[in-house]
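The structure appears below as structure tokens.
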Amino acid sequence: MSSLQKDIFKKGNKSTALSEPELRKATSEASLSPYDIQSKAENNGGPLFVLHHGAGYSGLSFALAALHIKNLTNSEFTIFAYDCRGHDVLKAAFGDDVITNREIFLVGHSMGGCVVADAASKNLIPSVTCMAVIDVVEGSAMEALSGMLNFCRNRPSEFKTVEDAIRWSKKSGTIRNLESARISIPCLLIEQETCTNIKKYTWRTDLAATQPHWKGWFSGLSEKFLSPSAAKLLILAGTDRLDKPLTIAQMQGKYQLMVLPEAGHMVQEDIPEKTATALLDFWKRNEKLVLPKKPFVVDK
């Protein structure tokens with residue numbers, strides 16, 4: 001872990017608007033070194049928070065939110081944020097019995113929300129107690145698919161430096177929190193050399209190439225989100241994202257809705273501390289109640 005990354009984790013989130021010279025200085029300190037953000041409870045038996053990133057992002061999009069969860073719980077919870085590369089990651093990381101013996105809180109952002117809702121609706125993880133989906137709704141997502149391809153085409157396809165990519169993410173409003181961008185953007189890029197031996201950085205994931213799968217990702221999301229017995233939380237950056245089925249379900253009390261209008265789509269990066277607090281408060285209200293064992297009395 002670089003000294004910059006250590007400083008970020010010591011300071012926490014201090015999101016501020018920076019001038020262009022300040023932004024240039026701050027981004028020049030960015031590091032390419034990726035690192036894990038896994039916080040393990042010592043007894044390995046406490047609650048397990050599983051954080052699934054959105055399309056084109058990485059586990060580091062939860063870096064600052066995970067830090068705040070760790071601090072707010074005195075490291076008593078296990079936090080597992082990973083780069084989605086395959087299946088059965090929970091069993092690989094924690095053993096075959098994790099899906100039955102651990103209380104699990106599934107959290108998914110954007111496309112990651114589709115993944116956790118699908119897994120919960122199929123009861124693939126029986127020990128799920130809570131589920132949170134961050135800024136993705138079936139109706140608005142399906143409507144926005146046509147504009148998604150334009151977004152992929154219009155964003156820069158390459159950068160001269162990592163600092164340029166971080167600066168772009170901040171100025172474009174893609175990630176509004178500079179500290180978050182400094183952590184998560186570098187690992188989304190790969191370094192390449194041109195024919196003239198000049199380095200450039202391109203996106204690791206070609207989002208446009210995944211277009212054939214977009215409709216399948218979001219189709220049926222509302223039903224999948226509402227069907228599990230686990231307690232459900234939907235965090236949105238604006239009420240305009242809420243579609244009709246979820247509006248009705250929210251009025252019927254089938255899930256809890258939280259709107260954080262000060263954030264953009266990258267809610268957990270823009271306001272990580274508020275995101276962490278919201279997740280922990282929801283967990284505390286819905287965790288399983290463990291009653292104390294009755295004392296054993298010997299008849300005389």
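Following the order of the structure tokens, first chain is A, next is B, and so on, with residues numbered from 1 inside each chain and ligands from 1 in the order they appear.
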
Helix (DSSP H, G or I) per DSSP on the backbone: members of range 51-156 of chain A, as number ranges by chain
A: 59-72, 89-94, 98-101, 111-121, 138-154

Hey, which bits of range 126-175 of chain A sit within 10 Å of range 51-73 of chain A, and for each residue what's the closest pair of atoms and how far apart in Å (one decimal), counting only C-alpha atoms, rows by chain and increasing number, as a tab-separated table?
```
residue	atom	partner	partner_atom	distance
A:Ala132	CA	A:Leu51	CA	9.5
A:Val133	CA	A:His52	CA	9.7
A:Ile134	CA	A:Gly54	CA	9.5
A:Val136	CA	A:Gly54	CA	9.8
A:Ile175	CA	A:Ser61	CA	9.7
```

Leaving out range 203-210 of chain A and any residue of its chain fewer than 5 positions from it, which residues lie within 8 Å of it when counting only C-alpha atoms, given as a ChimeraX atom specification?
/A:55-56,149,152-153,157-158,188-190

Could those residues be written to a file, using N, CA and C atoms, as a tab-separated table (two decimals), in the first residue's frame?
```tsv
chain	number	residue	atom	x	y	z
A	55	ALA	N	-20.85	-2.50	-13.12
A	55	ALA	CA	-20.19	-2.84	-14.39
A	55	ALA	C	-19.08	-1.85	-14.71
A	56	GLY	N	-17.91	-2.39	-15.02
A	56	GLY	CA	-16.78	-1.55	-15.38
A	56	GLY	C	-16.00	-1.03	-14.20
A	149	LEU	N	-24.89	3.40	-24.45
A	149	LEU	CA	-23.92	3.22	-25.52
A	149	LEU	C	-23.28	4.55	-25.90
A	152	CYS	N	-20.62	5.35	-23.38
A	152	CYS	CA	-19.39	4.58	-23.63
A	152	CYS	C	-18.59	5.19	-24.77
A	153	ARG	N	-19.30	5.67	-25.79
A	153	ARG	CA	-18.62	6.23	-26.96
A	153	ARG	C	-18.04	7.61	-26.69
A	157	SER	N	-11.39	7.35	-24.49
A	157	SER	CA	-11.00	5.95	-24.62
A	157	SER	C	-9.60	5.70	-24.09
A	158	GLU	N	-8.80	6.78	-23.94
A	158	GLU	CA	-7.45	6.62	-23.42
A	158	GLU	C	-6.99	7.92	-22.76
A	188	LEU	N	-8.73	0.60	-12.73
A	188	LEU	CA	-9.64	0.41	-13.86
A	188	LEU	C	-8.92	0.58	-15.19
A	189	LEU	N	-7.63	0.93	-15.12
A	189	LEU	CA	-6.85	1.23	-16.33
A	189	LEU	C	-5.76	0.20	-16.55
A	190	ILE	N	-5.35	0.05	-17.79
A	190	ILE	CA	-4.18	-0.77	-18.12
A	190	ILE	C	-3.20	0.08	-18.91
```

Using only C-alpha atoms, pick whichever of A:Asp135, A:Glu163, A:Asp88, A:Glu193 has the shortest atom-to-atom distance to Cys114 in chain A.
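Ranked by minimum distance to Cys114 in chain A, first place goes to A:Asp135.
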
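With only C-alpha atoms as the atoms that count, the residue of A:Leu233, A:Met131, A:Ile125, A:Ser172 with the shortest distance to Asp96 in chain A is A:Ile125.
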
Could you pull out the strand (DSSP E or B) residues of range 173-258 of chain A from DSSP and send them as a PyMOL selection string?
chain A and resi 189-193+199-203+231-236+256-258

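Among the candidates A:Arg176, A:Arg102, A:Lys91, A:Lys288, the one nearest to Ile271 in chain A when counting only C-alpha atoms is A:Arg176.
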
Work out how far CA of Thr239 in chain A is from CA of Gly264 in chain A, in Å to one decimal.
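According to the coordinates, CA of Gly264 in chain A and CA of Thr239 in chain A are separated by 12.3 Å.
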
Give the answer as one residue: which of A:Phe105, A:Ser219, A:Ser169, A:Leu226 has the shortest atom-to-atom distance to Pro186 in chain A, using only C-alpha atoms?
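Ranking A:Phe105, A:Ser219, A:Ser169, A:Leu226 by distance to Pro186 in chain A, first place goes to A:Ser169.
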
Find, counting only C-alpha atoms, the residue in A:Val267, A:Leu280, A:Ala165, A:Leu48 that gets nearest to Thr100 in chain A.
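Among A:Val267, A:Leu280, A:Ala165, A:Leu48, it is A:Leu48 that comes nearest to Thr100 in chain A.
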
In Å and to one decimal, CA of Gly173 in chain A is distant from CA of Asp240 in chain A by 18.4 Å

Go ahead and compute the interatomic distance for CA of Trp168 in chain A and CA of Asp270 in chain A, in Å to one decimal.
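Taking CA of Trp168 in chain A and CA of Asp270 in chain A, their separation equals 15.0 Å.
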
Considering only C-alpha atoms, return as a PyMOL selection string whatever protein or nucleic-acid residues lie within 6 Å of Ala237 in chain A, sequence-local ones (same chain, fewer than 5 positions apart) excluded.
chain A and resi 259-261+263-264
